[in-house]
>>> print(open('data_10.json').read())   # JSON, C-alpha atoms and all ligand atoms
[["chain", "number", "residue", "atom", "x", "y", "z"],
["Z", 1, "MET", "CA", 1.05, 10.44, 11.87],
["Z", 2, "ALA", "CA", 4.22, 9.40, 13.66],
["Z", 3, "LYS", "CA", 4.99, 7.18, 16.60],
["Z", 4, "VAL", "CA", 7.77, 8.05, 19.04],
["Z", 5, "GLY", "CA", 8.06, 5.24, 21.55],
["Z", 6, "ASP", "CA", 4.43, 4.57, 22.43],
["Z", 7, "VAL", "CA", 3.28, 8.15, 21.82],
["Z", 8, "VAL", "CA", 1.27, 8.87, 18.68],
["Z", 9, "ILE", "CA", 1.73, 12.36, 17.19],
["Z", 10, "GLU", "CA", -0.85, 13.26, 14.57],
["Z", 11, "CYS", "CA", -1.81, 16.27, 12.48],
["Z", 12, "VAL", "CA", -5.38, 16.85, 11.34],
["Z", 13, "ARG", "CA", -7.26, 19.67, 9.68],
["Z", 14, "GLY", "CA", -10.14, 20.94, 11.79],
["Z", 15, "ASP", "CA", -11.46, 23.03, 14.64],
["Z", 16, "ILE", "CA", -9.85, 22.72, 18.07],
["Z", 17, "THR", "CA", -13.27, 22.97, 19.75],
["Z", 18, "ARG", "CA", -14.48, 19.84, 17.91],
["Z", 19, "GLN", "CA", -12.15, 17.18, 19.23],
["Z", 20, "PRO", "CA", -14.48, 15.22, 21.53],
["Z", 21, "ASP", "CA", -12.12, 12.24, 21.89],
["Z", 22, "MET", "CA", -9.36, 14.34, 23.54],
["Z", 23, "ASP", "CA", -8.94, 14.64, 27.33],
["Z", 24, "ALA", "CA", -7.65, 18.20, 26.96],
["Z", 25, "ILE", "CA", -7.56, 20.86, 24.28],
["Z", 26, "VAL", "CA", -5.00, 23.65, 24.38],
["Z", 27, "ASN", "CA", -5.99, 27.29, 24.14],
["Z", 28, "ALA", "CA", -3.75, 29.82, 22.37],
["Z", 29, "ALA", "CA", -4.65, 32.20, 25.18],
["Z", 30, "ASN", "CA", -4.08, 35.87, 25.89],
["Z", 31, "ALA", "CA", -2.37, 36.98, 29.12],
["Z", 32, "GLN", "CA", -5.71, 37.74, 30.80],
["Z", 33, "LEU", "CA", -7.11, 34.30, 29.86],
["Z", 34, "MET", "CA", -10.18, 36.03, 28.47],
["Z", 35, "PRO", "CA", -12.17, 35.47, 25.28],
["Z", 36, "GLY", "CA", -10.63, 37.17, 22.25],
["Z", 37, "GLY", "CA", -10.17, 36.35, 18.60],
["Z", 38, "GLY", "CA", -8.97, 33.14, 17.00],
["Z", 39, "VAL", "CA", -8.61, 30.03, 19.15],
["Z", 40, "ALA", "CA", -9.39, 31.78, 22.45],
["Z", 41, "GLY", "CA", -12.63, 33.20, 21.08],
["Z", 42, "ALA", "CA", -13.74, 29.85, 19.69],
["Z", 43, "ILE", "CA", -12.89, 27.99, 22.92],
["Z", 44, "HIS", "CA", -14.65, 30.47, 25.21],
["Z", 45, "ARG", "CA", -17.72, 30.52, 22.94],
["Z", 46, "ALA", "CA", -17.96, 26.75, 23.00],
["Z", 47, "ALA", "CA", -17.14, 26.41, 26.71],
["Z", 48, "GLY", "CA", -19.60, 29.02, 27.97],
["Z", 49, "ARG", "CA", -19.23, 31.74, 30.60],
["Z", 50, "GLY", "CA", -18.08, 29.36, 33.31],
["Z", 51, "LEU", "CA", -14.68, 29.07, 31.65],
["Z", 52, "ALA", "CA", -13.93, 32.80, 31.92],
["Z", 53, "GLU", "CA", -15.02, 32.72, 35.56],
["Z", 54, "GLU", "CA", -12.67, 29.87, 36.35],
["Z", 55, "CYS", "CA", -9.86, 31.62, 34.44],
["Z", 56, "ARG", "CA", -10.13, 35.03, 36.11],
["Z", 57, "PRO", "CA", -8.22, 34.23, 39.33],
["Z", 58, "LEU", "CA", -5.49, 32.38, 37.37],
["Z", 59, "ALA", "CA", -4.58, 35.44, 35.23],
["Z", 60, "PRO", "CA", -2.38, 37.07, 34.17],
["Z", 61, "ILE", "CA", 0.11, 34.54, 32.81],
["Z", 62, "LYS", "CA", 3.46, 35.23, 31.13],
["Z", 63, "PRO", "CA", 4.69, 34.08, 27.70],
["Z", 64, "GLY", "CA", 5.60, 30.39, 27.85],
["Z", 65, "GLU", "CA", 3.38, 29.68, 30.86],
["Z", 66, "ALA", "CA", 0.40, 27.33, 30.97],
["Z", 67, "VAL", "CA", -2.53, 26.80, 33.35],
["Z", 68, "ILE", "CA", -5.24, 24.13, 33.36],
["Z", 69, "THR", "CA", -8.99, 24.46, 33.89],
["Z", 70, "GLY", "CA", -12.09, 22.37, 33.37],
["Z", 71, "GLY", "CA", -13.73, 22.19, 29.96],
["Z", 72, "HIS", "CA", -17.17, 23.45, 31.05],
["Z", 73, "ASP", "CA", -19.55, 23.07, 28.06],
["Z", 74, "LEU", "CA", -16.81, 21.67, 25.79],
["Z", 75, "PRO", "CA", -16.79, 17.93, 25.15],
["Z", 76, "ASN", "CA", -13.32, 17.79, 26.77],
["Z", 77, "PRO", "CA", -12.79, 17.48, 30.53],
["Z", 78, "TYR", "CA", -9.88, 19.98, 30.52],
["Z", 79, "VAL", "CA", -8.55, 23.07, 28.76],
["Z", 80, "ILE", "CA", -4.85, 23.94, 29.03],
["Z", 81, "HIS", "CA", -4.27, 27.65, 28.42],
["Z", 82, "CYS", "CA", -0.88, 28.67, 27.01],
["Z", 83, "LEU", "CA", 0.37, 32.18, 26.32],
["Z", 84, "GLY", "CA", 2.54, 32.04, 23.23],
["Z", 85, "PRO", "CA", 5.19, 34.68, 22.47],
["Z", 86, "VAL", "CA", 4.29, 37.64, 20.29],
["Z", 87, "TYR", "CA", 6.75, 37.23, 17.42],
["Z", 88, "GLY", "CA", 9.38, 39.99, 17.37],
["Z", 89, "ARG", "CA", 8.50, 41.19, 20.88],
["Z", 90, "ASP", "CA", 8.72, 38.33, 23.40],
["Z", 91, "GLU", "CA", 12.27, 36.97, 23.16],
["Z", 92, "PRO", "CA", 13.73, 34.44, 22.77],
["Z", 93, "SER", "CA", 10.56, 33.53, 20.92],
["Z", 94, "ASP", "CA", 11.62, 29.99, 20.03],
["Z", 95, "ARG", "CA", 12.34, 29.12, 23.67],
["Z", 96, "LEU", "CA", 9.13, 30.71, 24.90],
["Z", 97, "LEU", "CA", 7.11, 28.82, 22.28],
["Z", 98, "ALA", "CA", 8.81, 25.54, 23.25],
["Z", 99, "ASP", "CA", 8.00, 26.32, 26.91],
["Z", 100, "CYS", "CA", 4.30, 26.47, 26.02],
["Z", 101, "TYR", "CA", 4.32, 22.93, 24.66],
["Z", 102, "ARG", "CA", 6.51, 21.61, 27.49],
["Z", 103, "ASN", "CA", 4.43, 23.21, 30.23],
["Z", 104, "ALA", "CA", 1.16, 22.08, 28.63],
["Z", 105, "LEU", "CA", 2.37, 18.49, 28.45],
["Z", 106, "ARG", "CA", 3.62, 18.65, 32.05],
["Z", 107, "LEU", "CA", 0.18, 19.74, 33.25],
["Z", 108, "ALA", "CA", -1.44, 16.93, 31.23],
["Z", 109, "GLU", "CA", 0.94, 14.43, 32.84],
["Z", 110, "GLU", "CA", 0.20, 15.78, 36.34],
["Z", 111, "LYS", "CA", -3.52, 15.16, 35.72],
["Z", 112, "GLY", "CA", -2.83, 11.73, 34.23],
["Z", 113, "LEU", "CA", -4.41, 12.63, 30.87],
["Z", 114, "ALA", "CA", -4.01, 10.32, 27.88],
["Z", 115, "SER", "CA", -4.64, 12.74, 24.99],
["Z", 116, "VAL", "CA", -4.01, 16.40, 24.25],
["Z", 117, "ALA", "CA", -4.91, 18.47, 21.17],
["Z", 118, "PHE", "CA", -2.91, 21.61, 20.30],
["Z", 119, "PRO", "CA", -3.58, 24.45, 17.88],
["Z", 120, "ALA", "CA", -0.58, 26.12, 16.21],
["Z", 121, "ILE", "CA", 0.14, 28.49, 19.11],
["Z", 122, "SER", "CA", 1.37, 32.02, 18.21],
["Z", 123, "THR", "CA", 0.85, 31.56, 14.44],
["Z", 124, "GLY", "CA", -2.29, 33.72, 14.24],
["Z", 125, "ALA", "CA", -2.58, 37.15, 15.81],
["Z", 126, "PHE", "CA", 0.85, 36.74, 17.45],
["Z", 127, "GLY", "CA", 2.55, 36.58, 14.04],
["Z", 128, "TYR", "CA", 4.98, 33.66, 14.44],
["Z", 129, "PRO", "CA", 5.85, 32.38, 10.94],
["Z", 130, "LEU", "CA", 4.20, 29.02, 10.36],
["Z", 131, "GLU", "CA", 7.09, 26.75, 9.44],
["Z", 132, "PRO", "CA", 9.51, 27.86, 12.19],
["Z", 133, "ALA", "CA", 6.64, 27.58, 14.69],
["Z", 134, "ALA", "CA", 5.85, 24.06, 13.47],
["Z", 135, "ARG", "CA", 9.52, 23.08, 13.88],
["Z", 136, "VAL", "CA", 9.65, 24.36, 17.46],
["Z", 137, "ALA", "CA", 6.31, 22.77, 18.37],
["Z", 138, "LEU", "CA", 6.90, 19.37, 16.85],
["Z", 139, "SER", "CA", 10.54, 19.05, 17.89],
["Z", 140, "THR", "CA", 9.60, 19.88, 21.48],
["Z", 141, "ILE", "CA", 6.95, 17.16, 21.48],
["Z", 142, "VAL", "CA", 9.21, 14.60, 19.78],
["Z", 143, "GLU", "CA", 11.91, 15.35, 22.39],
["Z", 144, "MET", "CA", 9.48, 15.00, 25.29],
["Z", 145, "ALA", "CA", 7.71, 11.88, 24.03],
["Z", 146, "PRO", "CA", 10.06, 9.32, 25.63],
["Z", 147, "GLU", "CA", 9.47, 10.77, 29.11],
["Z", 148, "LEU", "CA", 5.66, 10.90, 28.84],
["Z", 149, "LYS", "CA", 3.90, 8.36, 31.05],
["Z", 150, "SER", "CA", 0.18, 9.07, 30.78],
["Z", 151, "VAL", "CA", -0.03, 11.05, 27.52],
["Z", 152, "LYS", "CA", -0.29, 8.64, 24.58],
["Z", 153, "THR", "CA", -1.78, 10.83, 21.85],
["Z", 154, "VAL", "CA", -0.76, 14.35, 20.87],
["Z", 155, "ARG", "CA", -2.85, 15.87, 18.07],
["Z", 156, "PHE", "CA", -2.18, 19.08, 16.15],
["Z", 157, "VAL", "CA", -5.39, 20.60, 14.88],
["Z", 158, "LEU", "CA", -4.71, 22.95, 11.97],
["Z", 159, "PHE", "CA", -7.24, 25.34, 10.56],
["Z", 160, "GLY", "CA", -5.88, 25.68, 7.02],
["Z", 161, "GLU", "CA", -4.79, 23.18, 4.37],
["Z", 162, "ARG", "CA", -1.32, 24.75, 4.07],
["Z", 163, "ASP", "CA", -0.91, 24.75, 7.85],
["Z", 164, "LEU", "CA", -1.69, 21.03, 7.82],
["Z", 165, "GLU", "CA", 0.77, 20.31, 4.99],
["Z", 166, "VAL", "CA", 3.61, 22.19, 6.71],
["Z", 167, "HIS", "CA", 3.05, 20.37, 10.00],
["Z", 168, "GLN", "CA", 2.88, 16.97, 8.30],
["Z", 169, "ARG", "CA", 6.09, 17.62, 6.38],
["Z", 170, "VAL", "CA", 7.98, 18.88, 9.44],
["Z", 171, "LEU", "CA", 6.77, 15.90, 11.49],
["Z", 172, "GLN", "CA", 8.04, 13.51, 8.82],
["Z", 173, "GLU", "CA", 11.41, 15.23, 8.75],
["Z", 174, "LEU", "CA", 11.75, 14.98, 12.52],
["Z", 175, "THR", "CA", 10.80, 11.33, 12.94],
["P", 201, "LIG", "P1", -2.09, 33.38, 18.71],
["P", 201, "LIG", "O1", -2.65, 34.64, 19.33],
["P", 201, "LIG", "O2", -1.33, 32.52, 19.71],
["P", 201, "LIG", "O3", -1.32, 33.65, 17.45],
["P", 201, "LIG", "P2", -4.56, 32.61, 17.30],
["P", 201, "LIG", "O4", -5.77, 32.08, 17.98],
["P", 201, "LIG", "O5", -4.64, 33.98, 16.71],
["P", 201, "LIG", "O6", -3.37, 32.49, 18.38],
["P", 201, "LIG", "O7", -4.12, 31.62, 16.15],
["P", 201, "LIG", "C1", -3.36, 30.45, 16.32],
["P", 201, "LIG", "C2", -3.58, 29.53, 15.14],
["P", 201, "LIG", "O8", -4.80, 28.82, 15.29],
["P", 201, "LIG", "C3", -3.68, 30.23, 13.78],
["P", 201, "LIG", "O9", -2.95, 29.45, 12.84],
["P", 201, "LIG", "C4", -5.17, 30.19, 13.47],
["P", 201, "LIG", "O10", -5.41, 30.12, 12.06],
["P", 201, "LIG", "C5", -5.59, 28.90, 14.13],
["P", 201, "LIG", "N1", -7.01, 28.83, 14.55],
["P", 201, "LIG", "C6", -7.90, 29.84, 14.74],
["P", 201, "LIG", "N2", -9.08, 29.35, 15.18],
["P", 201, "LIG", "C7", -8.93, 27.99, 15.28],
["P", 201, "LIG", "C8", -9.78, 26.92, 15.67],
["P", 201, "LIG", "N3", -11.06, 27.11, 16.05],
["P", 201, "LIG", "N4", -9.27, 25.64, 15.65],
["P", 201, "LIG", "C9", -7.99, 25.43, 15.28],
["P", 201, "LIG", "N5", -7.13, 26.40, 14.90],
["P", 201, "LIG", "C10", -7.59, 27.66, 14.89]]
>>> encode(input="data_10.json", output="structure tokens")
Amino acid sequence: MAKVGDVVIECVRGDITRQPDMDAIVNAANAQLMPGGGVAGAIHRAAGRGLAEECRPLAPIKPGEAVITGGHDLPNPYVIHCLGPVYGRDEPSDRLLADCYRNALRLAEEKGLASVAFPAISTGAFGYPLEPAARVALSTIVEMAPELKSVKTVRFVLFGERDLEVHQRVLQELT
């Protein structure tokens, strides 16, 4: 856990679909905003068919972009869908990954949300190495924290123990 101004940044091990205290969870989406593997599959399964219906007219999105929908059957009022870069294909991958976090937080601010939970975007099927991805993600959030007005809690939800350790270490180094 770290505090930057009055924004709490925390890393936990868990499942992104089981964060009932968060106003929004972030989807590591595909360009079509449809169910798939990994985070997108889990979110669409938990949210029900209504989520895909709401997503259809918003697609496709480009790497670095984000869109916001309702949470449907999830415990969260909102889902923010980000398309991360495919590592080695969508360049510059570090800037596109940072754009995901920036655009997601901007949408949360526009809706006046207080809390947002992120998965480690692009580190699964999209192949972004974990530690460099954690550096981009966490440094983007630390940089943005002073300008956030409504968002007070940013949570990283990591699936694996090593993923959690890397994020915690990088967060400590940055703050
Ligand atoms: P991408 O296509 O952007 O790489 P993935 O969904 O394949 O996205 O994976 C992103 C990261 O999220 C990976 O580190 C993966 O292990 C992790 N992950 C997968 N399912 C979940 C989940 N239900 N909750 C949190 N993290 C998850």
>>> residues_near_ligand(input="data_10.json", ligand="ligand LIG 201 (chain P)", cutoff="8 Å", atoms="all atoms listed in the file", output="CSV table (one decimal) with C-alpha atoms, keeping the file's coordinate frame")
chain,number,residue,atom,x,y,z
Z,14,GLY,CA,-10.1,20.9,11.8
Z,15,ASP,CA,-11.5,23.0,14.6
Z,16,ILE,CA,-9.8,22.7,18.1
Z,17,THR,CA,-13.3,23.0,19.8
Z,27,ASN,CA,-6.0,27.3,24.1
Z,28,ALA,CA,-3.8,29.8,22.4
Z,29,ALA,CA,-4.6,32.2,25.2
Z,30,ASN,CA,-4.1,35.9,25.9
Z,37,GLY,CA,-10.2,36.4,18.6
Z,38,GLY,CA,-9.0,33.1,17.0
Z,39,VAL,CA,-8.6,30.0,19.2
Z,40,ALA,CA,-9.4,31.8,22.4
Z,41,GLY,CA,-12.6,33.2,21.1
Z,42,ALA,CA,-13.7,29.8,19.7
Z,43,ILE,CA,-12.9,28.0,22.9
Z,83,LEU,CA,0.4,32.2,26.3
Z,84,GLY,CA,2.5,32.0,23.2
Z,85,PRO,CA,5.2,34.7,22.5
Z,86,VAL,CA,4.3,37.6,20.3
Z,119,PRO,CA,-3.6,24.4,17.9
Z,120,ALA,CA,-0.6,26.1,16.2
Z,121,ILE,CA,0.1,28.5,19.1
Z,122,SER,CA,1.4,32.0,18.2
Z,123,THR,CA,0.8,31.6,14.4
Z,124,GLY,CA,-2.3,33.7,14.2
Z,125,ALA,CA,-2.6,37.2,15.8
Z,126,PHE,CA,0.8,36.7,17.4
Z,127,GLY,CA,2.6,36.6,14.0
Z,128,TYR,CA,5.0,33.7,14.4
Z,130,LEU,CA,4.2,29.0,10.4
Z,157,VAL,CA,-5.4,20.6,14.9
Z,158,LEU,CA,-4.7,23.0,12.0
Z,159,PHE,CA,-7.2,25.3,10.6
Z,160,GLY,CA,-5.9,25.7,7.0
Z,163,ASP,CA,-0.9,24.8,7.8
>>> closest_residue(input="data_10.json", among="Z:Leu33, Z:Met22, Z:Ile141, Z:Leu174", to="Ser115 (chain Z)", atoms="only C-alpha atoms")
Z:Met22
>>> atom_distance(input="data_10.json", atom1="CA of Ala24 (chain Z)", atom2="CA of Arg135 (chain Z)")
22.1 Å
>>> residues_around(input="data_10.json", residues="Ala66 (chain Z)", least_positions_apart="5", cutoff="12 Å", atoms="only C-alpha atoms", output="count of residues only")
32
>>> closest_residue(input="data_10.json", among="Z:Thr140, Z:Ala145, Z:Arg162, Z:Tyr78", to="Lys3 (chain Z)", atoms="only C-alpha atoms")
Z:Ala145
>>> atom_distance(input="data_10.json", atom1="CA of Arg95 (chain Z)", atom2="CA of Asp23 (chain Z)")
26.0 Å
>>> residues_around(input="data_10.json", residues="region 8-10 of chain Z", least_positions_apart="6", cutoff="9 Å", atoms="only C-alpha atoms", output="list of chain:residue names")
Z:Met1, Z:Ala2, Z:Leu138, Z:Ile141, Z:Val142, Z:Ala145, Z:Lys152, Z:Thr153, Z:Val154, Z:Arg155, Z:Phe156, Z:Val157, Z:Gln168, Z:Leu171
>>> atom_distance(input="data_10.json", atom1="CA of Pro63 (chain Z)", atom2="CA of Arg89 (chain Z)")
10.6 Å
>>> residues_around(input="data_10.json", residues="Glu54 (chain Z)", least_positions_apart="6", cutoff="10 Å", atoms="only C-alpha atoms", output="list in words")
Leu33, Ile68, Thr69, Gly70 and His72 of chain Z
>>> axis_aligned_box(input="data_10.json", around="region 70-84 of chain Z", padding_each_side="8 Å", output="JSON")
{"center_x": -8.5, "center_y": 24.8, "center_z": 28.3, "size_x": 38.1, "size_y": 30.7, "size_z": 26.1}
>>> residues_around(input="data_10.json", residues="Pro75 (chain Z)", least_positions_apart="3", cutoff="8 Å", atoms="all atoms listed in the file", output="PyMOL selection string")
chain Z and resi 18-20+71
>>> closest_residue(input="data_10.json", among="Z:Met144, Z:Ala117, Z:Ala46, Z:Met34", to="Val12 (chain Z)", atoms="all atoms listed in the file")
Z:Ala117
>>> closest_residue(input="data_10.json", among="Z:Val170, Z:Val151, Z:Ala114, Z:Val4", to="Asp21 (chain Z)", atoms="all atoms listed in the file")
Z:Ala114
>>> build_atoms(input="data_10.json", residues="region 130-161 of chain Z", atoms="N, CA and C atoms", output="short mmCIF file (atom, residue, chain, number, x, y, z; two decimals), in the frame of the given file")
data_model
loop_
_atom_site.label_atom_id
_atom_site.label_comp_id
_atom_site.auth_asym_id
_atom_site.auth_seq_id
_atom_site.Cartn_x
_atom_site.Cartn_y
_atom_site.Cartn_z
N LEU Z 130 4.75 30.36 10.19
CA LEU Z 130 4.20 29.02 10.36
C LEU Z 130 5.26 27.92 10.44
N GLU Z 131 6.17 27.89 9.47
CA GLU Z 131 7.09 26.75 9.44
C GLU Z 131 8.06 26.74 10.63
N PRO Z 132 8.69 27.87 10.97
CA PRO Z 132 9.51 27.86 12.19
C PRO Z 132 8.71 27.49 13.44
N ALA Z 133 7.47 27.93 13.52
CA ALA Z 133 6.64 27.58 14.69
C ALA Z 133 6.37 26.08 14.71
N ALA Z 134 6.10 25.51 13.54
CA ALA Z 134 5.85 24.06 13.47
C ALA Z 134 7.09 23.28 13.89
N ARG Z 135 8.27 23.76 13.49
CA ARG Z 135 9.52 23.08 13.88
C ARG Z 135 9.71 23.10 15.39
N VAL Z 136 9.49 24.26 16.01
CA VAL Z 136 9.65 24.36 17.46
C VAL Z 136 8.63 23.45 18.15
N ALA Z 137 7.38 23.53 17.71
CA ALA Z 137 6.31 22.77 18.37
C ALA Z 137 6.57 21.27 18.27
N LEU Z 138 6.79 20.82 17.05
CA LEU Z 138 6.90 19.37 16.85
C LEU Z 138 8.20 18.82 17.42
N SER Z 139 9.30 19.57 17.32
CA SER Z 139 10.54 19.05 17.89
C SER Z 139 10.46 18.99 19.40
N THR Z 140 9.77 19.92 20.02
CA THR Z 140 9.60 19.88 21.48
C THR Z 140 8.81 18.63 21.88
N ILE Z 141 7.77 18.32 21.13
CA ILE Z 141 6.95 17.16 21.48
C ILE Z 141 7.70 15.86 21.19
N VAL Z 142 8.42 15.80 20.08
CA VAL Z 142 9.21 14.60 19.78
C VAL Z 142 10.26 14.38 20.87
N GLU Z 143 10.90 15.47 21.32
CA GLU Z 143 11.91 15.35 22.39
C GLU Z 143 11.30 14.87 23.70
N MET Z 144 10.11 15.35 24.01
CA MET Z 144 9.48 15.00 25.29
C MET Z 144 8.84 13.62 25.28
N ALA Z 145 8.51 13.12 24.12
CA ALA Z 145 7.71 11.88 24.03
C ALA Z 145 8.26 10.73 24.87
N PRO Z 146 9.58 10.48 24.86
CA PRO Z 146 10.06 9.32 25.63
C PRO Z 146 9.82 9.43 27.13
N GLU Z 147 9.68 10.65 27.66
CA GLU Z 147 9.47 10.77 29.11
C GLU Z 147 7.99 10.85 29.50
N LEU Z 148 7.09 10.80 28.52
CA LEU Z 148 5.66 10.90 28.84
C LEU Z 148 5.16 9.55 29.36
N LYS Z 149 4.42 9.61 30.46
CA LYS Z 149 3.90 8.36 31.05
C LYS Z 149 2.42 8.17 30.77
N SER Z 150 1.63 9.23 30.98
CA SER Z 150 0.18 9.07 30.78
C SER Z 150 -0.25 9.50 29.38
N VAL Z 151 0.39 10.52 28.84
CA VAL Z 151 -0.03 11.05 27.52
C VAL Z 151 0.41 10.09 26.42
N LYS Z 152 -0.56 9.61 25.66
CA LYS Z 152 -0.29 8.64 24.58
C LYS Z 152 -0.63 9.18 23.20
N THR Z 153 -1.43 10.23 23.14
CA THR Z 153 -1.78 10.83 21.85
C THR Z 153 -1.65 12.35 21.93
N VAL Z 154 -0.87 12.90 21.00
CA VAL Z 154 -0.76 14.35 20.87
C VAL Z 154 -1.24 14.69 19.46
N ARG Z 155 -2.27 15.53 19.37
CA ARG Z 155 -2.85 15.87 18.07
C ARG Z 155 -2.66 17.36 17.81
N PHE Z 156 -2.19 17.69 16.61
CA PHE Z 156 -2.18 19.08 16.15
C PHE Z 156 -3.40 19.29 15.29
N VAL Z 157 -4.18 20.30 15.65
CA VAL Z 157 -5.39 20.60 14.88
C VAL Z 157 -5.15 21.90 14.14
N LEU Z 158 -5.07 21.80 12.81
CA LEU Z 158 -4.71 22.95 11.97
C LEU Z 158 -5.94 23.43 11.22
N PHE Z 159 -6.07 24.73 11.18
CA PHE Z 159 -7.24 25.34 10.56
C PHE Z 159 -7.15 25.27 9.04
N GLY Z 160 -6.01 25.55 8.48
CA GLY Z 160 -5.88 25.68 7.02
C GLY Z 160 -5.17 24.49 6.40
N GLU Z 161 -5.41 24.30 5.09
CA GLU Z 161 -4.79 23.18 4.37
C GLU Z 161 -3.26 23.33 4.35
#
